[in-house]
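Below is entry-v7.cif, holding mmCIF, C-alpha atoms.
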```
data_model
loop_
_atom_site.group_PDB
_atom_site.id
_atom_site.type_symbol
_atom_site.label_atom_id
_atom_site.label_comp_id
_atom_site.auth_asym_id
_atom_site.auth_seq_id
_atom_site.Cartn_x
_atom_site.Cartn_y
_atom_site.Cartn_z
ATOM 1 C CA MET W 284 -20.908 7.247 18.741
ATOM 2 C CA SER W 285 -19.013 6.986 15.524
ATOM 3 C CA ALA W 286 -20.458 5.170 12.569
ATOM 4 C CA LYS W 287 -16.962 4.314 11.406
ATOM 5 C CA LYS W 288 -16.126 0.645 11.150
ATOM 6 C CA TRP W 289 -12.680 0.940 12.732
ATOM 7 C CA ALA W 290 -12.047 2.678 16.088
ATOM 8 C CA PHE W 291 -9.211 2.353 18.600
ATOM 9 C CA GLU W 292 -10.869 -0.547 20.433
ATOM 10 C CA ASP W 293 -10.885 -2.666 17.278
ATOM 11 C CA PHE W 294 -7.110 -2.814 17.024
ATOM 12 C CA VAL W 295 -5.849 -5.697 19.125
ATOM 13 C CA PRO W 296 -2.298 -7.018 18.978
ATOM 14 C CA GLY W 297 -1.969 -9.785 16.409
ATOM 15 C CA LEU W 298 -4.871 -8.557 14.283
ATOM 16 C CA LYS W 299 -4.012 -8.759 10.588
ATOM 17 C CA ILE W 300 -5.843 -6.498 8.128
ATOM 18 C CA ASP W 301 -5.858 -7.472 4.450
ATOM 19 C CA LEU W 302 -4.845 -4.520 2.268
ATOM 20 C CA GLY W 303 -6.331 -5.930 -0.927
ATOM 21 C CA GLU W 304 -4.624 -6.004 -4.282
ATOM 22 C CA ARG W 305 -3.131 -3.444 -6.638
ATOM 23 C CA HIS W 306 -1.810 -3.866 -10.155
ATOM 24 C CA VAL W 307 1.165 -1.682 -11.108
ATOM 25 C CA THR W 308 1.343 -0.418 -14.682
ATOM 26 C CA ALA W 309 4.349 0.914 -16.600
ATOM 27 C CA GLN W 310 2.366 4.062 -17.353
ATOM 28 C CA GLU W 311 1.791 4.980 -13.721
ATOM 29 C CA ILE W 312 5.407 4.151 -12.796
ATOM 30 C CA VAL W 313 6.651 6.593 -15.436
ATOM 31 C CA GLU W 314 4.023 9.194 -14.558
ATOM 32 C CA PHE W 315 4.960 9.231 -10.864
ATOM 33 C CA ALA W 316 8.698 9.207 -11.581
ATOM 34 C CA ASP W 317 8.383 12.018 -14.095
ATOM 35 C CA GLU W 318 6.886 14.213 -11.391
ATOM 36 C CA PHE W 319 8.877 13.203 -8.303
ATOM 37 C CA ASP W 320 11.749 10.790 -8.970
ATOM 38 C CA ALA W 321 13.019 11.262 -12.513
ATOM 39 C CA GLN W 322 15.812 8.668 -12.485
ATOM 40 C CA PRO W 323 16.317 6.569 -15.646
ATOM 41 C CA MET W 324 15.530 3.264 -13.844
ATOM 42 C CA HIS W 325 12.021 4.601 -13.092
ATOM 43 C CA LEU W 326 11.474 6.149 -16.541
ATOM 44 C CA VAL W 327 12.943 3.845 -19.189
ATOM 45 C CA GLU W 328 12.650 0.058 -19.436
ATOM 46 C CA GLU W 329 16.193 -0.460 -20.756
ATOM 47 C CA ALA W 330 17.716 1.743 -18.056
ATOM 48 C CA GLY W 331 15.788 -0.203 -15.433
ATOM 49 C CA ARG W 332 17.074 -3.507 -16.812
ATOM 50 C CA ALA W 333 20.641 -2.201 -16.754
ATOM 51 C CA SER W 334 20.280 -1.077 -13.124
ATOM 52 C CA LEU W 335 20.357 -3.064 -9.878
ATOM 53 C CA LEU W 336 16.549 -3.078 -10.059
ATOM 54 C CA GLY W 337 16.426 -5.307 -13.137
ATOM 55 C CA GLY W 338 13.489 -3.713 -14.964
ATOM 56 C CA LEU W 339 11.270 -0.644 -15.163
ATOM 57 C CA ALA W 340 10.830 -0.167 -11.422
ATOM 58 C CA ALA W 341 8.498 2.022 -9.402
ATOM 59 C CA SER W 342 10.046 4.812 -7.359
ATOM 60 C CA GLY W 343 10.150 3.724 -3.727
ATOM 61 C CA TRP W 344 8.091 6.811 -2.941
ATOM 62 C CA HIS W 345 5.512 5.622 -5.456
ATOM 63 C CA THR W 346 5.360 2.255 -3.671
ATOM 64 C CA CYS W 347 4.812 4.105 -0.377
ATOM 65 C CA ALA W 348 2.026 6.117 -1.980
ATOM 66 C CA MET W 349 0.434 2.925 -3.382
ATOM 67 C CA LEU W 350 0.578 1.349 0.093
ATOM 68 C CA MET W 351 -1.145 4.444 1.451
ATOM 69 C CA ARG W 352 -3.949 4.088 -1.093
ATOM 70 C CA MET W 353 -4.353 0.385 -0.312
ATOM 71 C CA LEU W 354 -4.562 1.274 3.383
ATOM 72 C CA CYS W 355 -7.106 4.054 2.731
ATOM 73 C CA ASP W 356 -9.363 1.744 0.740
ATOM 74 C CA SER W 357 -9.139 -1.240 3.058
ATOM 75 C CA MET W 358 -9.365 0.474 6.445
ATOM 76 C CA LEU W 359 -8.309 4.082 6.999
ATOM 77 C CA LEU W 360 -11.187 5.929 5.273
ATOM 78 C CA ASP W 361 -13.669 3.958 7.382
ATOM 79 C CA SER W 362 -11.840 4.601 10.650
ATOM 80 C CA THR W 363 -11.519 7.207 13.390
ATOM 81 C CA SER W 364 -7.921 7.938 12.266
ATOM 82 C CA GLN W 365 -6.385 11.142 13.561
ATOM 83 C CA GLY W 366 -3.350 10.872 11.333
ATOM 84 C CA ALA W 367 0.142 9.613 12.031
ATOM 85 C CA PRO W 368 3.166 11.488 13.354
ATOM 86 C CA GLY W 369 5.597 9.548 11.188
ATOM 87 C CA ILE W 370 7.228 6.309 10.115
ATOM 88 C CA ASP W 371 9.721 4.482 12.342
ATOM 89 C CA THR W 372 11.325 2.332 9.672
ATOM 90 C CA LEU W 373 10.725 1.613 6.013
ATOM 91 C CA ARG W 374 12.608 -0.924 3.903
ATOM 92 C CA TRP W 375 12.289 -1.340 0.142
ATOM 93 C CA ARG W 376 13.230 -5.024 0.068
ATOM 94 C CA LYS W 377 12.791 -5.781 -3.632
ATOM 95 C CA PRO W 378 12.010 -3.732 -6.727
ATOM 96 C CA VAL W 379 8.354 -3.233 -7.705
ATOM 97 C CA LEU W 380 8.339 -3.746 -11.472
ATOM 98 C CA ALA W 381 5.873 -2.822 -14.205
ATOM 99 C CA GLY W 382 3.220 -5.535 -14.405
ATOM 100 C CA ASP W 383 3.557 -6.593 -10.760
ATOM 101 C CA THR W 384 0.475 -7.155 -8.624
ATOM 102 C CA LEU W 385 0.867 -6.099 -5.013
ATOM 103 C CA THR W 386 -0.945 -7.516 -2.013
ATOM 104 C CA GLY W 387 -0.385 -6.565 1.583
ATOM 105 C CA THR W 388 -1.155 -6.848 5.235
ATOM 106 C CA CYS W 389 -1.226 -4.506 8.198
ATOM 107 C CA THR W 390 -0.489 -6.297 11.477
ATOM 108 C CA VAL W 391 -1.215 -4.696 14.844
ATOM 109 C CA LEU W 392 1.851 -4.975 17.097
ATOM 110 C CA SER W 393 0.769 -3.022 20.178
ATOM 111 C CA THR W 394 -1.705 -0.400 21.363
ATOM 112 C CA ARG W 395 -1.867 2.121 24.188
ATOM 113 C CA THR W 396 -4.056 5.032 25.192
ATOM 114 C CA SER W 397 -2.667 8.536 25.012
ATOM 115 C CA SER W 398 -1.745 9.998 28.384
ATOM 116 C CA SER W 399 -2.173 13.566 27.144
ATOM 117 C CA ARG W 400 -5.363 13.306 25.064
ATOM 118 C CA PRO W 401 -8.312 11.434 26.593
ATOM 119 C CA GLY W 402 -10.156 9.298 24.059
ATOM 120 C CA LEU W 403 -7.121 9.001 21.787
ATOM 121 C CA GLY W 404 -5.290 5.747 21.241
ATOM 122 C CA LEU W 405 -1.954 4.920 19.653
ATOM 123 C CA VAL W 406 -1.694 1.855 17.437
ATOM 124 C CA THR W 407 1.691 0.520 16.364
ATOM 125 C CA VAL W 408 1.498 -1.537 13.189
ATOM 126 C CA ARG W 409 3.724 -3.300 10.714
ATOM 127 C CA TYR W 410 2.914 -3.228 7.006
ATOM 128 C CA GLU W 411 4.110 -5.745 4.470
ATOM 129 C CA LEU W 412 3.659 -5.613 0.698
ATOM 130 C CA PHE W 413 4.261 -8.661 -1.471
ATOM 131 C CA ASN W 414 4.493 -9.173 -5.226
ATOM 132 C CA GLN W 415 2.633 -11.878 -7.178
ATOM 133 C CA ARG W 416 5.418 -14.367 -6.386
ATOM 134 C CA GLY W 417 4.894 -13.840 -2.657
ATOM 135 C CA GLU W 418 8.184 -11.971 -2.298
ATOM 136 C CA LEU W 419 8.314 -9.232 0.323
ATOM 137 C CA VAL W 420 8.867 -5.922 -1.499
ATOM 138 C CA LEU W 421 8.227 -3.391 1.257
ATOM 139 C CA GLU W 422 8.032 -3.416 5.038
ATOM 140 C CA MET W 423 7.202 -0.482 7.219
ATOM 141 C CA GLN W 424 6.497 0.148 10.896
ATOM 142 C CA HIS W 425 4.745 3.140 12.395
ATOM 143 C CA THR W 426 2.283 4.324 15.028
ATOM 144 C CA GLY W 427 -1.084 5.783 14.054
ATOM 145 C CA MET W 428 -3.604 7.684 16.162
ATOM 146 C CA PHE W 429 -7.261 6.647 16.412
ATOM 147 C CA LEU W 430 -10.143 7.920 18.520
ATOM 148 C CA ALA W 431 -11.879 5.497 20.843
ATOM 149 C CA ARG W 432 -15.404 4.654 19.710
ATOM 150 C CA GLY W 433 -17.028 6.593 22.519
ATOM 151 C CA ALA W 434 -14.838 9.635 21.926
ATOM 152 C CA ALA W 435 -15.388 9.840 18.173
ATOM 153 C CA ALA W 436 -17.523 12.675 16.868
ATOM 154 C CA MET H 204 38.463 14.411 4.393
ATOM 155 C CA SER H 205 38.453 11.797 1.665
ATOM 156 C CA ALA H 206 37.487 12.571 -1.920
ATOM 157 C CA LEU H 207 34.127 10.899 -1.265
ATOM 158 C CA ASP H 208 33.545 13.016 1.867
ATOM 159 C CA THR H 209 34.206 16.125 -0.197
ATOM 160 C CA TYR H 210 32.042 14.951 -3.105
ATOM 161 C CA PHE H 211 29.085 14.144 -0.828
ATOM 162 C CA ARG H 212 29.639 17.367 1.199
ATOM 163 C CA LEU H 213 29.689 15.352 4.419
ATOM 164 C CA GLY H 214 28.214 17.327 7.316
ATOM 165 C CA GLU H 215 27.179 20.291 5.153
ATOM 166 C CA THR H 216 23.501 21.274 4.989
ATOM 167 C CA VAL H 217 22.598 21.779 1.340
ATOM 168 C CA THR H 218 19.465 23.754 0.443
ATOM 169 C CA LEU H 219 17.674 21.922 -2.362
ATOM 170 C CA GLY H 220 15.004 24.456 -3.302
ATOM 171 C CA SER H 221 11.503 25.579 -2.379
ATOM 172 C CA HIS H 222 8.073 24.497 -3.533
ATOM 173 C CA THR H 223 4.696 26.164 -3.057
ATOM 174 C CA PHE H 224 1.935 23.586 -2.596
ATOM 175 C CA GLY H 225 -1.096 24.638 -4.619
ATOM 176 C CA ALA H 226 -4.635 23.377 -3.988
ATOM 177 C CA GLU H 227 -4.901 21.527 -7.287
ATOM 178 C CA GLU H 228 -1.698 19.525 -6.915
ATOM 179 C CA ILE H 229 -2.504 18.690 -3.271
ATOM 180 C CA LYS H 230 -5.899 17.357 -4.328
ATOM 181 C CA ALA H 231 -4.587 15.579 -7.443
ATOM 182 C CA PHE H 232 -1.955 13.670 -5.442
ATOM 183 C CA ALA H 233 -4.415 12.842 -2.669
ATOM 184 C CA ARG H 234 -7.147 11.658 -5.047
ATOM 185 C CA LYS H 235 -4.678 9.102 -6.400
ATOM 186 C CA PHE H 236 -2.945 8.007 -3.226
ATOM 187 C CA ASP H 237 -4.383 9.451 -0.001
ATOM 188 C CA PRO H 238 -8.050 10.455 -0.411
ATOM 189 C CA GLN H 239 -8.660 11.466 3.206
ATOM 190 C CA PRO H 240 -11.161 14.359 3.349
ATOM 191 C CA PHE H 241 -8.625 16.959 4.599
ATOM 192 C CA HIS H 242 -6.393 16.293 1.546
ATOM 193 C CA VAL H 243 -9.079 16.327 -1.187
ATOM 194 C CA ASP H 244 -11.771 18.808 -0.227
ATOM 195 C CA GLU H 245 -11.492 22.347 1.213
ATOM 196 C CA THR H 246 -14.905 22.229 2.871
ATOM 197 C CA ALA H 247 -14.345 18.859 4.500
ATOM 198 C CA ALA H 248 -10.880 20.021 5.586
ATOM 199 C CA ARG H 249 -12.379 23.003 7.432
ATOM 200 C CA GLY H 250 -14.421 20.610 9.566
ATOM 201 C CA SER H 251 -11.461 18.273 10.191
ATOM 202 C CA LEU H 252 -8.766 18.193 12.857
ATOM 203 C CA PHE H 253 -6.481 20.183 10.517
ATOM 204 C CA GLY H 254 -8.982 22.978 9.819
ATOM 205 C CA LYS H 255 -7.650 23.632 6.313
ATOM 206 C CA LEU H 256 -6.693 21.725 3.173
ATOM 207 C CA CYS H 257 -3.210 20.226 3.643
ATOM 208 C CA ALA H 258 -0.876 18.050 1.605
ATOM 209 C CA SER H 259 -0.590 14.300 2.162
ATOM 210 C CA GLY H 260 2.563 13.559 4.123
ATOM 211 C CA TRP H 261 3.625 11.284 1.267
ATOM 212 C CA HIS H 262 3.248 14.196 -1.144
ATOM 213 C CA THR H 263 5.645 16.293 0.957
ATOM 214 C CA ALA H 264 8.111 13.399 1.168
ATOM 215 C CA ALA H 265 7.972 12.721 -2.595
ATOM 216 C CA MET H 266 8.537 16.437 -3.203
ATOM 217 C CA TRP H 267 11.719 16.235 -1.104
ATOM 218 C CA MET H 268 12.934 13.547 -3.512
ATOM 219 C CA LYS H 269 12.194 15.730 -6.532
ATOM 220 C CA TYR H 270 14.277 18.613 -5.192
ATOM 221 C CA ASN H 271 16.963 16.245 -3.950
ATOM 222 C CA LEU H 272 17.461 14.877 -7.459
ATOM 223 C CA LEU H 273 17.565 18.341 -9.026
ATOM 224 C CA ASN H 274 20.457 19.191 -6.725
ATOM 225 C CA ARG H 275 22.236 15.864 -6.422
ATOM 226 C CA GLU H 276 25.933 15.688 -7.178
ATOM 227 C CA ASP H 277 25.301 13.837 -10.458
ATOM 228 C CA ALA H 278 22.785 16.451 -11.623
ATOM 229 C CA THR H 279 24.917 19.463 -10.820
ATOM 230 C CA ASP H 280 28.228 18.282 -12.330
ATOM 231 C CA ARG H 281 29.926 18.549 -8.979
ATOM 232 C CA PRO H 282 33.648 18.088 -9.564
ATOM 233 C CA TRP H 283 34.963 14.606 -8.740
ATOM 234 C CA GLU H 284 38.548 14.777 -7.569
ATOM 235 C CA GLY H 285 39.067 11.278 -6.317
ATOM 236 C CA PRO H 286 40.841 8.325 -7.862
ATOM 237 C CA GLY H 287 38.731 5.936 -9.926
ATOM 238 C CA PRO H 288 35.405 6.560 -11.624
ATOM 239 C CA ARG H 289 32.944 9.259 -10.596
ATOM 240 C CA PRO H 290 30.481 7.839 -8.017
ATOM 241 C CA GLU H 291 27.174 6.654 -9.475
ATOM 242 C CA PHE H 292 23.936 6.785 -7.498
ATOM 243 C CA GLY H 293 21.744 3.674 -7.345
ATOM 244 C CA PRO H 294 18.554 2.692 -5.547
ATOM 245 C CA SER H 295 17.706 3.292 -1.890
ATOM 246 C CA PRO H 296 17.222 0.486 0.648
ATOM 247 C CA GLY H 297 14.847 2.602 2.741
ATOM 248 C CA PHE H 298 14.581 5.290 5.378
ATOM 249 C CA GLU H 299 13.863 5.657 9.075
ATOM 250 C CA LYS H 300 12.790 8.120 11.759
ATOM 251 C CA LEU H 301 10.434 9.969 9.418
ATOM 252 C CA LYS H 302 8.396 12.619 11.220
ATOM 253 C CA TRP H 303 5.627 14.802 9.837
ATOM 254 C CA LEU H 304 6.050 17.581 12.395
ATOM 255 C CA LYS H 305 3.514 20.097 11.126
ATOM 256 C CA PRO H 306 0.836 20.044 8.411
ATOM 257 C CA VAL H 307 1.752 21.585 5.046
ATOM 258 C CA TYR H 308 -1.286 23.756 4.336
ATOM 259 C CA VAL H 309 -2.438 24.890 0.922
ATOM 260 C CA GLY H 310 -0.374 27.831 -0.359
ATOM 261 C CA GLU H 311 2.548 27.063 1.966
ATOM 262 C CA THR H 312 6.079 27.351 0.575
ATOM 263 C CA VAL H 313 8.340 24.566 1.771
ATOM 264 C CA THR H 314 12.149 24.610 1.577
ATOM 265 C CA PHE H 315 13.953 21.256 1.342
ATOM 266 C CA THR H 316 17.433 20.458 2.668
ATOM 267 C CA ARG H 317 19.875 17.540 2.782
ATOM 268 C CA ARG H 318 22.943 16.764 4.854
ATOM 269 C CA ALA H 319 25.163 13.749 4.149
ATOM 270 C CA ILE H 320 25.888 12.006 7.465
ATOM 271 C CA ALA H 321 28.171 9.058 6.668
ATOM 272 C CA HIS H 322 29.040 6.428 4.090
ATOM 273 C CA ARG H 323 30.255 2.871 4.485
ATOM 274 C CA ALA H 324 31.174 -0.091 2.314
ATOM 275 C CA LEU H 325 28.366 -2.529 1.506
ATOM 276 C CA ALA H 326 29.597 -6.002 2.435
ATOM 277 C CA SER H 327 27.098 -7.756 0.170
ATOM 278 C CA ARG H 328 27.978 -5.737 -2.954
ATOM 279 C CA PRO H 329 31.671 -5.077 -3.572
ATOM 280 C CA GLY H 330 32.244 -1.675 -5.165
ATOM 281 C CA TRP H 331 29.088 -0.193 -3.638
ATOM 282 C CA ARG H 332 28.691 1.995 -0.541
ATOM 283 C CA VAL H 333 25.668 3.125 1.486
ATOM 284 C CA LEU H 334 25.364 6.856 1.996
ATOM 285 C CA THR H 335 23.092 8.022 4.841
ATOM 286 C CA VAL H 336 21.477 11.419 4.532
ATOM 287 C CA ALA H 337 19.552 13.655 6.952
ATOM 288 C CA CYS H 338 16.563 15.060 5.061
ATOM 289 C CA GLU H 339 14.505 18.025 6.246
ATOM 290 C CA ALA H 340 11.822 20.444 5.086
ATOM 291 C CA PHE H 341 10.785 23.802 6.558
ATOM 292 C CA ASP H 342 7.758 26.030 6.022
ATOM 293 C CA SER H 343 7.779 29.789 5.388
ATOM 294 C CA THR H 344 7.889 30.544 9.132
ATOM 295 C CA GLY H 345 11.003 28.409 9.523
ATOM 296 C CA ASP H 346 9.184 25.595 11.322
ATOM 297 C CA LYS H 347 10.313 22.109 10.414
ATOM 298 C CA VAL H 348 7.501 20.196 8.710
ATOM 299 C CA LEU H 349 9.318 16.985 7.759
ATOM 300 C CA GLU H 350 12.451 15.100 8.711
ATOM 301 C CA PHE H 351 13.779 11.632 7.971
ATOM 302 C CA GLU H 352 17.014 9.753 7.649
ATOM 303 C CA SER H 353 17.479 8.223 4.228
ATOM 304 C CA ALA H 354 19.979 5.859 2.679
ATOM 305 C CA VAL H 355 21.143 5.480 -0.905
ATOM 306 C CA LEU H 356 23.472 3.017 -2.611
ATOM 307 C CA VAL H 357 26.398 4.539 -4.491
ATOM 308 C CA ARG H 358 28.783 2.697 -6.813
ATOM 309 C CA THR H 359 32.286 3.902 -6.094
ATOM 310 C CA GLY H 360 34.468 1.189 -7.571
#
```

Can you dump the structure from the file as structure tokens?
Amino acid sequence: MSAKKWAFEDFVPGLKIDLGERHVTAQEIVEFADEFDAQPMHLVEEAGRASLLGGLAASGWHTCAMLMRMLCDSMLLDSTSQGAPGIDTLRWRKPVLAGDTLTGTCTVLSTRTSSSRPGLGLVTVRYELFNQRGELVLEMQHTGMFLARGAAA
Amino acid sequence: MSALDTYFRLGETVTLGSHTFGAEEIKAFARKFDPQPFHVDETAARGSLFGKLCASGWHTAAMWMKYNLLNREDATDRPWEGPGPRPEFGPSPGFEKLKWLKPVYVGETVTFTRRAIAHRALASRPGWRVLTVACEAFDSTGDKVLEFESAVLVRTG
């Protein structure tokens, strides 16, 4: 039996998992962009303001990475996760700007057991991230793999 | 082909460059964003389903973006032969159909590619178009490790 809090059986359609809160600083926006997405709107305040994004904005990839960390801390690290084969859809709905505070939810849409791997379950979820004004900034849908409680090492 | 088709190299697979994923950068990225044991600790990784330290899937995807920018039309002074101003790249509305097909293990060299698929006018923003791009990455054995279909806004008017 696994000592992990979250196993396949725990994910039931409609379940909503709170992803906690994360503050986004200008420094980390610039640091991430400098390494992976060195466009002026992610590096320089004035360039961000002059762009469609309207301010120093996080790289969309940075927002994905921040969502991943929120998910790790709120659920994934204490689960029987076996990884994820991919992402079905991801939409960056609004810019994430320096000084924003993100909150989020992970909603279980459907689950099924794997036909090829006994003890493995597939969980399809929808993620939503919001800024401090309650505006949706990111939405993403994907299917993750989790071991059933009895099957977990 | 239109001037925009030519500029975006519609249908052509463009090689963006190669990156070797070292242990330190894999762990540094994962400690910040994806601290699952198989991304942050060699010993824990050996006992995991992957069997070896491997990069976070988000690390591989972000690295695609880095090499994409280094080779984008606006970074390489690709000649613009159309009427009107040179196209200007803006933000991306998102991506879809992303697949992590194979783990990127420590020491692996990954080659990134891009192929422009289509572009269309954006009804909500006159003067802007959406360009869709097929994005891929391959390891040193030629196996595909990542694919997704991305979109980017481009100002063309």

- Query: Selected by the PyMOL selection byres ((chain W and resi 322) around 10) in the shown coordinates: which residues, as a list in words?
  - Reply: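 With the shown file as input, the PyMOL selection byres ((chain W and resi 322) around 10) matches Val313, Ala316, Asp317, Phe319, Asp320, Ala321, Pro323, Met324, His325, Leu326, Val327, Ala330, Gly331 and Ser342 of chain W; Lys269, Leu272, Phe292, Gly293 and Pro294 of chain H.
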
- Item | Selection dump of the PyMOL selection byres ((chain W and resi 422-436) around 9), as a ChimeraX atom specification | /W:284-287,289-293,362-376,394,396-397,401-412,419-421

Kindly determine which residues of chain H lie within 8 Å of chain W, considering all atoms listed in the file, and give the answer as a short mmCIF file (atom, residue, chain, number, x, y, z; two decimals) with C-alpha atoms, keeping the file's coordinate frame.
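out_22.cif, freshly written:
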```cif
data_model
loop_
_atom_site.label_atom_id
_atom_site.label_comp_id
_atom_site.auth_asym_id
_atom_site.auth_seq_id
_atom_site.Cartn_x
_atom_site.Cartn_y
_atom_site.Cartn_z
CA LYS H 235 -4.68 9.10 -6.40
CA PHE H 236 -2.94 8.01 -3.23
CA ASP H 237 -4.38 9.45 0.00
CA PRO H 238 -8.05 10.46 -0.41
CA GLN H 239 -8.66 11.47 3.21
CA LEU H 252 -8.77 18.19 12.86
CA TRP H 261 3.62 11.28 1.27
CA ALA H 264 8.11 13.40 1.17
CA ALA H 265 7.97 12.72 -2.60
CA MET H 266 8.54 16.44 -3.20
CA MET H 268 12.93 13.55 -3.51
CA LYS H 269 12.19 15.73 -6.53
CA LEU H 272 17.46 14.88 -7.46
CA GLY H 293 21.74 3.67 -7.34
CA PRO H 294 18.55 2.69 -5.55
CA SER H 295 17.71 3.29 -1.89
CA PRO H 296 17.22 0.49 0.65
CA GLY H 297 14.85 2.60 2.74
CA PHE H 298 14.58 5.29 5.38
CA GLU H 299 13.86 5.66 9.07
CA LYS H 300 12.79 8.12 11.76
CA LEU H 301 10.43 9.97 9.42
CA LYS H 302 8.40 12.62 11.22
CA TRP H 303 5.63 14.80 9.84
CA LEU H 304 6.05 17.58 12.40
#
```

- Task: Give me the result of the PyMOL selection byres ((chain H and resi 244) around 12) on this file, residue by residue, as a ChimeraX atom specification.
- Result: /H:226-227,229-231,233-234,237-243,245-251,254-258,309

- May I have the residues within 10 Å of Arg212 in chain H as a PyMOL selection string, using all atoms listed in the file and disregarding those fewer than 6 positions away in the same chain? chain H and resi 204+206+276+317-320

- Using only C-alpha atoms, pick whichever of H:Thr344, H:Thr216, H:Thr263, H:Phe211 has the shortest atom-to-atom distance to Phe232 in chain H.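 Ranking H:Thr344, H:Thr216, H:Thr263, H:Phe211 by distance to Phe232 in chain H, first place goes to H:Thr263.
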
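Considering the residues H:Val336, H:Leu207, H:Leu273, H:Gly285 and counting only C-alpha atoms, Ala324 in chain H has its shortest atom-to-atom contact with H:Leu207.
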
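The smallest atom-to-atom distance between Thr316 in chain H and any of H:Val348, H:Ala340, H:Leu213, H:Val333, using only C-alpha atoms, is found for H:Ala340.
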
Enclose range 336-343 of chain H, meaning all of its atoms listed in the file, in a box aligned along x, y and z, pad it by 4 Å on each side, and list the centre and edge lengths in Å to one decimal, as JSON.
```
{"center_x": 14.6, "center_y": 20.6, "center_z": 5.7, "size_x": 21.7, "size_y": 26.4, "size_z": 10.4}
```

- May I ask for the distance between CA of Tyr270 in chain H and CA of Ala321 in chain H, given in Å to one decimal place? 20.6 Å

- Task: Point out the residue among H:Tyr308, H:Arg289, H:Ser343, H:Glu228 with the least atom-to-atom distance to Gly360 in chain H, counting all atoms listed in the file.
- Result: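 Once distances to Gly360 in chain H are computed over all atoms listed in the file, the minimum belongs to H:Arg289.
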
- Task: Pick out the residues sitting within 9 Å of Gly310 in chain H, and hand them over as a PyMOL selection string; count all atoms listed in the file, and ignore anything fewer than 2 positions along from it in its own chain.
- Result: chain H and resi 223-226+307-308+312

- What is the CA of Glu284 in chain H-CA of Thr209 in chain H distance in Å, reported with one decimal? 8.7 Å

- Can you work out which one of H:Trp267, H:Trp331, H:Phe253, H:Phe315 has the shortest atom-to-atom distance to Arg358 in chain H, counting only C-alpha atoms?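 Result for the nearest residue to Arg358 in chain H: H:Trp331.
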
- Which is closer to Glu328 in chain W than all the others in W:Leu385, W:Ile300, W:Ala340, W:Val391, using only C-alpha atoms?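 That would be W:Ala340, the residue with the smallest distance to Glu328 in chain W.
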
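We find CA of Trp283 in chain H and CA of Glu339 in chain H to be spaced 25.6 Å apart.
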
Could you please fill out range 322-335 of chain W with N, CA and C atoms and send it back as a PDB file, in the frame of the given file?
```
ATOM      1  N   GLN W 322      14.579   9.419 -12.239  1.00  0.00           N
ATOM      2  CA  GLN W 322      15.812   8.668 -12.485  1.00  0.00           C
ATOM      3  C   GLN W 322      15.530   7.669 -13.599  1.00  0.00           C
ATOM      4  N   PRO W 323      16.534   7.425 -14.469  1.00  0.00           N
ATOM      5  CA  PRO W 323      16.317   6.569 -15.646  1.00  0.00           C
ATOM      6  C   PRO W 323      15.679   5.217 -15.322  1.00  0.00           C
ATOM      7  N   MET W 324      16.057   4.597 -14.183  1.00  0.00           N
ATOM      8  CA  MET W 324      15.530   3.264 -13.844  1.00  0.00           C
ATOM      9  C   MET W 324      14.034   3.264 -13.550  1.00  0.00           C
ATOM     10  N   HIS W 325      13.470   4.485 -13.320  1.00  0.00           N
ATOM     11  CA  HIS W 325      12.021   4.601 -13.092  1.00  0.00           C
ATOM     12  C   HIS W 325      11.291   5.138 -14.328  1.00  0.00           C
ATOM     13  N   LEU W 326      12.067   5.483 -15.369  1.00  0.00           N
ATOM     14  CA  LEU W 326      11.474   6.149 -16.541  1.00  0.00           C
ATOM     15  C   LEU W 326      11.582   5.326 -17.824  1.00  0.00           C
ATOM     16  N   VAL W 327      12.645   4.533 -17.926  1.00  0.00           N
ATOM     17  CA  VAL W 327      12.943   3.845 -19.189  1.00  0.00           C
ATOM     18  C   VAL W 327      13.232   2.367 -18.912  1.00  0.00           C
ATOM     19  N   GLU W 328      12.516   1.511 -19.611  1.00  0.00           N
ATOM     20  CA  GLU W 328      12.650   0.058 -19.436  1.00  0.00           C
ATOM     21  C   GLU W 328      14.109  -0.413 -19.515  1.00  0.00           C
ATOM     22  N   GLU W 329      14.814   0.010 -20.551  1.00  0.00           N
ATOM     23  CA  GLU W 329      16.193  -0.460 -20.756  1.00  0.00           C
ATOM     24  C   GLU W 329      17.095  -0.014 -19.606  1.00  0.00           C
ATOM     25  N   ALA W 330      16.897   1.226 -19.165  1.00  0.00           N
ATOM     26  CA  ALA W 330      17.716   1.743 -18.056  1.00  0.00           C
ATOM     27  C   ALA W 330      17.415   0.968 -16.780  1.00  0.00           C
ATOM     28  N   GLY W 331      16.171   0.601 -16.596  1.00  0.00           N
ATOM     29  CA  GLY W 331      15.788  -0.203 -15.433  1.00  0.00           C
ATOM     30  C   GLY W 331      16.457  -1.565 -15.472  1.00  0.00           C
ATOM     31  N   ARG W 332      16.453  -2.176 -16.679  1.00  0.00           N
ATOM     32  CA  ARG W 332      17.074  -3.507 -16.812  1.00  0.00           C
ATOM     33  C   ARG W 332      18.569  -3.451 -16.553  1.00  0.00           C
ATOM     34  N   ALA W 333      19.193  -2.339 -16.932  1.00  0.00           N
ATOM     35  CA  ALA W 333      20.641  -2.201 -16.754  1.00  0.00           C
ATOM     36  C   ALA W 333      21.002  -1.841 -15.309  1.00  0.00           C
ATOM     37  N   SER W 334      20.011  -1.503 -14.503  1.00  0.00           N
ATOM     38  CA  SER W 334      20.280  -1.077 -13.124  1.00  0.00           C
ATOM     39  C   SER W 334      20.190  -2.269 -12.168  1.00  0.00           C
ATOM     40  N   LEU W 335      20.501  -2.024 -10.910  1.00  0.00           N
ATOM     41  CA  LEU W 335      20.357  -3.064  -9.878  1.00  0.00           C
ATOM     42  C   LEU W 335      18.921  -3.550  -9.770  1.00  0.00           C
TER      43      LEU W 335
END
```
